[in-house]
Structure formats: C-alpha cells, structure tokens
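A short worksheet on the structure shown next.
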Amino acid sequence: MKTKITEMFGIEHPVIQGGMHYVGFAEMAAAVSNAGGLGIITGLTQKTPEDLAKEIEKCKGMTDKPFGVNLTFLPGFAAPDYPGYIKAIIDGGVKIVETAGRSPEAYLPALKEAGIKVIHKCTSVRHSLKAERIGCDAVSVDGFECGGHPGEDDIPNMILLPRAAEELKIPFVASGGMGNAQQLVAALALGADGINMGTRFIATKEAPVHQNVKQALIDATELDTRLVMRPLRNTERVLTNPAVEKMLAVEKEKGDATTIEDVAEFVGGVYPQIMQEGTMEAGAWSCGMVAGLIHDIPTCEELVGGMVKEAEEIIKGRMQQFAS
Ligand SMILES: Cc1cc2nc3c(=O)[nH]c(=O)nc-3n(C[C@H](O)[C@H](O)[C@H](O)COP(=O)(O)O)c2cc1C
C-alpha cells in the first residue's frame with residue numbers, strides 16, 4: 001500500500017509504532033520495521049544519550065529497514081539532556097524522529113540540517129497546524145481514544161481526523177484507538193495517509209515486555225481504561241487496576257488542589273516494575289481503549305502484513321460494492 005507516508009519514510013506499509021516508554025526498545029522497533037512498518041525507539045527510556053546511541057546501534061544490527069526515534073518533550077523544569085539525545089540520533093544516522101509533548105520548534109533546525117524527517121504527535125488541530133507552520137514534515141493526530149496523553153480537548157478521532165484533513169497541507173497519520181484493518185481503511189477514508197499504533201503493538205510476540213502485560217491487554221475490554229492526572233492538566237489514559245482506582249480516589253478528594261506529589265507514588269518510576277517484572281498493580285501505565293479489540297498476540301509481521309492485506313481486501317471488496 002502506497003501513501004504519502006510510505007513515500008516520505010521509505011517504508012512498505014503505512015503503519016507506525018509510536019514511541020512507548022519501556023516498550024520501545026531496539027527489539028520492538030526492529031520487529032515493526034522488519035514487518036514493513038516504521039518502528040520507533042523511545043529516546044527517553046534510555047537513561048543517557050550514550051545509552052540511546054547504543055540502542056540505535058543495536059537496532060541497526062537487527063534491521064536494515066528505516067526506523068525512527070521518539071523524543072518526548074516533557075512538561076516541567078527538570079529537562080533531560082535533549083541536545084545530547086539529538087546528537088546521538090544524528091550521529092547514529094537515524095533519519096526519522098517522532099516528537100511529542102511540547103513543541104519541538106527549538107530543536108527543528110538541528111534535525112532538519114541533518115536531513116531528518118520529523119513527525120510530531122498532536123492531540124488537536126491547532127497544535128497540528130503549529131507543527132506544520134514550524135516545519136514538521138508530517139503529523140500524528142492522536143485522538144481521545146489513545147493510550148498515553150490525549151490532551152485536554154477530548155475530541156475523538158471520528159471528528160479529529162476529518163478536522164485535521166480540512167486544515168492540514170502536510171500528510172498525517174491517524175493515531176489512537178487503531179488496531180485492525182477496518183480502522184486502517186476508515187483512517188484512510190477520513191483523510192489520513194496511514195496509522196500510528198501504540199497499545200496494539202504491546203500485544204505482539206516481539207514486544208519486549210513481561211507476558212503479564214500482554215495478557216492484561218487480552219483480558220481488558222474497551223471499558224477498562226481510566227483518565228488520571230486530569231486535575232494536573234496532564235491527563236493520561238491508563239489501564240485500570242487497584243493502584244489506579246486509589247489514585248483516582250486521591251484526585252477526587254483533593255480536586256483542583258491535587259499536586260504531582262499527591263500522586264507521585266502511582267506514576268513515578270513504575271514502568272520498569274510493570275513492563276519488565278510484570279507487577280501489574282505497581283501503578284498506572286498507558287493503555288488505549290483499543291484494548292477491547294485485542295484478542296491475540298501475533299508477530300509484528302502477522303499483525304502489520306495481515307492488517308494491510310485485509311485492508312486492501314476491504315477496499316476492493318466491501319468498499320467497492322458501495323461505489324457501483
Ligand atoms: C505503554 C505506553 C507508553 C507510551 N509512552 C509514550 C512515550 O514515552 N512518548 C510518546 O510520545 N508517546 C507514548 N505513548 C503513546 C503512543 O506513542 C501512541 O501515541 C498511542 O499509544 C496511540 O494510541 P493507542 O495506544 O490507542 O494506539 C505511549 C503509549 C503506551 C501505550
């Protein structure tokens with residue numbers, strides 16, 4: 001399947017694996033890229049720029065296909081060594097960067113000068129337009145369904161994607177809630193040139209996470225995610241568990257006066273325990289509503305290749321019949 005996104009990134013299928021903390025290691029990115037999609041290493045999961053440089057080298061040893069690096073610009077004052085991470089990306093010869101969080105504007109000149117294509121993840125049309133204005137090459141439009149941070153506007157993809165299509169000149173992919181071939185076709189119909197998936201890729205054979213995490217996704221339904229950190233205006237969609245319910249009770253009790261300190265025990269440094277040790281109730285971890293559509297643990301090749309093949313069949317079959 002050829003789209004503006006496959007052309008831009010030199011990939012076979014218009015399917016991107018979004019950056020995921022403690023999931024987006026070289027193994028994950030290489031498996032997605034080898035399957036013809038675009039795999040992405042999560043930059044900040046690597047503790048230092050030197051560690052990221054090693055992870056990039058590792059990934060290059062696992063695939064000869066293009067892969068990218070995610071750089072998440074966090075809110076707050078204790079900024080990671082972004083120039084160091086960017087140097088590791090440039091020196092490592094990576095040609096695609098997925099940015100997310102705050103505006104990447106300050107770092108774009110260095111990335112563009114190195115010939116790197118930048119896809120910025122946005123949860124609103126106005127942020128997407130800003131990304132276009134400052135020179136990003138593409139946008140990942142992340143609807144309210146998404147795992148992780150959906151922003152504060154709460155606009156689902158059935159509205160957000162066609163709104164993005166009305167306004168944007170640069171290509172965009174549909175992100176949030178994506179997990180099967182029907183949705184890929186729908187995303188294309190709504191104006192996107194591909195899709196970005198997070199949660200769905202965690203339930204694959206190659207995802208380098210504990211089996212308990214994959215099983216939790218199979219067991220979950222679309223009703224099992226919760227929005228935490230709303231009072232902090234740093235909303236995150238997570239899979240519910242007793243720790244999350246306790247966190248929500250704290251937020252309810254403190255209301256708008258909730259501080260990050262009040263909820264730190266539920267979110268601070270819990271990812272290694274959950275993703276690597278499989279201690280599912282250690283705290284809150286990002287998960288999308290698409291969990292309700294996850295019923296198996298395929299290889300990335302089976303998932304991506306299968307989705308695209310089925311999408312083409314839907315376009316030529318079911319869709320075609322309505323045109324005649
Ligand atoms: C476990 C997990 C961790 C994530 N970590 C990050 C991250 O560090 N940076 C980022 O930009 N997005 C992160 N995301 C968001 C994904 O890149 C992607 O935008 C999102 O998962 C799309 O929604 P979906 O889960 O419905 O597919 C994370 C998502 C999940 C599920």
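Every chain in the structure tokens takes a letter, A first, then B, and so on in the order presented; its residues are numbered from 1, and the ligands are numbered from 1 following the presented order.
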Pick out the residues sitting within 10 Å of A:Gly278, and hand them over as a list in words; count only C-alpha atoms, and ignore anything fewer than 3 positions along from it in its own chain. Val209, His210, Gln211, Asn212, Val213, Lys214, Ala216, Tyr271, Pro272, Gln273, Ile274, Met275, Glu281 and Ala282 of chain A
Excluding stretch 83-90 of chain A and any residue of its chain fewer than 2 positions from it, enumerate the residues within 12 Å of it, using only C-alpha atoms, and give them as a PDB file with C-alpha atoms, in the first residue's frame.
```
ATOM      1  CA  ILE A  40      10.414   3.680  16.745  1.00  0.00           C
ATOM      2  CA  ILE A  41      12.875   3.560  19.651  1.00  0.00           C
ATOM      3  CA  THR A  42      11.725   5.564  22.669  1.00  0.00           C
ATOM      4  CA  GLY A  43      14.560   8.019  23.303  1.00  0.00           C
ATOM      5  CA  LEU A  44      13.903   8.879  26.937  1.00  0.00           C
ATOM      6  CA  THR A  45      13.622   5.232  28.062  1.00  0.00           C
ATOM      7  CA  GLN A  46      17.380   5.286  27.528  1.00  0.00           C
ATOM      8  CA  LYS A  47      18.821   6.939  30.641  1.00  0.00           C
ATOM      9  CA  THR A  48      21.553   8.876  28.846  1.00  0.00           C
ATOM     10  CA  PRO A  49      22.365   9.952  25.279  1.00  0.00           C
ATOM     11  CA  GLU A  50      25.185   7.365  25.338  1.00  0.00           C
ATOM     12  CA  ASP A  51      22.659   4.629  26.116  1.00  0.00           C
ATOM     13  CA  LEU A  52      20.470   5.850  23.246  1.00  0.00           C
ATOM     14  CA  ALA A  53      23.474   5.722  20.897  1.00  0.00           C
ATOM     15  CA  LYS A  54      23.994   2.067  21.904  1.00  0.00           C
ATOM     16  CA  GLU A  55      20.306   1.239  21.422  1.00  0.00           C
ATOM     17  CA  ILE A  56      20.401   2.792  17.939  1.00  0.00           C
ATOM     18  CA  GLU A  57      23.463   0.681  17.064  1.00  0.00           C
ATOM     19  CA  PHE A  67      13.441   3.089  11.880  1.00  0.00           C
ATOM     20  CA  GLY A  68      12.936   6.206  13.963  1.00  0.00           C
ATOM     21  CA  VAL A  69      13.486   7.594  17.449  1.00  0.00           C
ATOM     22  CA  ASN A  70      10.806   9.202  19.650  1.00  0.00           C
ATOM     23  CA  LEU A  71      11.730  12.314  21.593  1.00  0.00           C
ATOM     24  CA  THR A  72       9.105  13.330  24.127  1.00  0.00           C
ATOM     25  CA  PHE A  73       9.391  16.914  25.334  1.00  0.00           C
ATOM     26  CA  ALA A  79      14.570  18.832  31.271  1.00  0.00           C
ATOM     27  CA  PRO A  80      16.528  15.801  30.079  1.00  0.00           C
ATOM     28  CA  ASP A  81      19.679  16.437  28.003  1.00  0.00           C
ATOM     29  CA  GLY A  92      23.612   7.333  14.712  1.00  0.00           C
ATOM     30  CA  GLY A  93      22.392   8.148  11.199  1.00  0.00           C
ATOM     31  CA  VAL A  94      18.694   7.916  12.143  1.00  0.00           C
ATOM     32  CA  LYS A  95      16.624   9.751   9.535  1.00  0.00           C
ATOM     33  CA  ILE A  96      13.182   9.839  11.188  1.00  0.00           C
ATOM     34  CA  VAL A  97      12.203  11.400  14.518  1.00  0.00           C
ATOM     35  CA  GLU A  98       8.799  11.292  16.177  1.00  0.00           C
ATOM     36  CA  THR A  99       8.447  14.248  18.523  1.00  0.00           C
ATOM     37  CA  PRO A 104       9.853  20.669  19.014  1.00  0.00           C
ATOM     38  CA  ALA A 106      13.782  24.795  19.302  1.00  0.00           C
ATOM     39  CA  TYR A 107      15.291  21.536  18.058  1.00  0.00           C
ATOM     40  CA  LEU A 108      13.959  21.515  14.486  1.00  0.00           C
ATOM     41  CA  PRO A 109      16.869  23.408  12.852  1.00  0.00           C
ATOM     42  CA  ALA A 110      19.392  20.806  14.069  1.00  0.00           C
ATOM     43  CA  LEU A 111      17.173  17.916  12.952  1.00  0.00           C
ATOM     44  CA  LYS A 112      16.394  19.436   9.550  1.00  0.00           C
ATOM     45  CA  GLU A 113      20.033  20.276   8.914  1.00  0.00           C
ATOM     46  CA  ALA A 114      20.848  16.592   9.424  1.00  0.00           C
ATOM     47  CA  GLY A 115      18.231  15.637   6.796  1.00  0.00           C
ATOM     48  CA  ILE A 116      15.902  14.119   9.399  1.00  0.00           C
ATOM     49  CA  LYS A 117      12.146  13.882   8.727  1.00  0.00           C
TER      50      LYS A 117
END
```
Within 12 Å of A:Gly268, counting only C-alpha atoms, which residues show up once you throw out same-chain ones fewer than 6 positions away? Write them as a list of chain:residue names, please.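 So the residues in contact are A:Ile260, A:Glu261, A:Asp262, A:Ile274, A:Ala282, A:Gly283, A:Ala284, A:Trp285.
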Output C-alpha atoms of each residue in that selection to a file, as a PDB file, in the first residue's frame.
```pdb
ATOM      1  CA  ILE A 260       2.080  15.886  41.459  1.00  0.00           C
ATOM      2  CA  GLU A 261       3.401  14.935  44.917  1.00  0.00           C
ATOM      3  CA  ASP A 262      -0.069  13.641  45.848  1.00  0.00           C
ATOM      4  CA  ILE A 274       5.233  -3.201  35.247  1.00  0.00           C
ATOM      5  CA  ALA A 282       2.636  -1.323  40.749  1.00  0.00           C
ATOM      6  CA  GLY A 283       0.939   1.778  39.370  1.00  0.00           C
ATOM      7  CA  ALA A 284      -0.542   3.473  36.324  1.00  0.00           C
ATOM      8  CA  TRP A 285       0.583   2.547  32.809  1.00  0.00           C
TER       9      TRP A 285
END
```
Please find the residues contacting ligand 1 at a distance of at most 6 Å between atoms, with only C-alpha atoms and all ligand atoms counted, and report them as a ChimeraX atom specification. /A:18-21,72,100,145-148,175-178,197-200,285-288,290
Tell me, as number ranges by chain, which residues lie within 12 Å of A:Thr123, counting only C-alpha atoms; anything in the same chain fewer than 2 positions away does not count. A: 100-102, 120-121, 125-131, 139-157, 159-161, 163-164, 173-176, 235
For stretch 296-313 of chain A, please output as a PyMOL selection string all residues within 8 Å (counting only C-alpha atoms; exclusion window: fewer than 6 positions along the same chain). chain A and resi 1+13+15+31-32+34-37+180-182+184-185+201+203-206+214+218
Skipping near chain neighbours, those fewer than 6 positions away, what residues fall within 8 Å of A:Val228 using only C-alpha atoms, listed as a list in words?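 Using only C-alpha atoms, the neighbours found are Thr235, Glu236, Arg237, Val238, Val244, Met247 and Leu248 of chain A.
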Stretch 99-128 of chain A: which residues are strand (DSSP E) by DSSP, as a ChimeraX atom specification? /A:99-101,117-122
Restricting the calculation to only C-alpha atoms: of A:Asn196, A:Ser124, A:Gln215, A:Ser103, which residue gets closest to A:Glu167? A:Ser124
If you count only C-alpha atoms, which residues fall within 8 Å of A:Leu190, apart from same-chain ones fewer than 6 positions away, as a PyMOL selection string? chain A and resi 158+161-162+165
Selection from above, C-alpha atoms, as a PDB file, in the first residue's frame, can you write it?
```pdb
ATOM      1  CA  MET A 158     -14.152  10.376  14.169  1.00  0.00           C
ATOM      2  CA  LEU A 161      -9.208  13.241  11.743  1.00  0.00           C
ATOM      3  CA  PRO A 162     -11.600  14.872   9.258  1.00  0.00           C
ATOM      4  CA  ALA A 165      -7.911  16.796   6.863  1.00  0.00           C
TER       5      ALA A 165
END
```
Give the helix (DSSP H, G or I) residues of stretch 14-161 of chain A, as assigned by DSSP on the backbone, as a ChimeraX atom specification. /A:26-34,43-45,49-62,82-91,105-113,125-134,157-161
Which is closest to A:Val23 among A:Gln276, A:Ala187, A:Asp91, A:Tyr82, if we use only C-alpha atoms? A:Gln276
Using only C-alpha atoms, the best pick from A:Ala78, A:Ile5, A:Ile16, A:Met289 as closest to A:Glu222 would be A:Met289
Rank A:Thr63, A:Ile11, A:Glu253, A:Ile314 by their smallest atom-to-atom distance to A:Gln183, using only C-alpha atoms, and report the top residue only.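 Of A:Thr63, A:Ile11, A:Glu253, A:Ile314, the one nearest A:Gln183, counting only C-alpha atoms, is A:Ile314.
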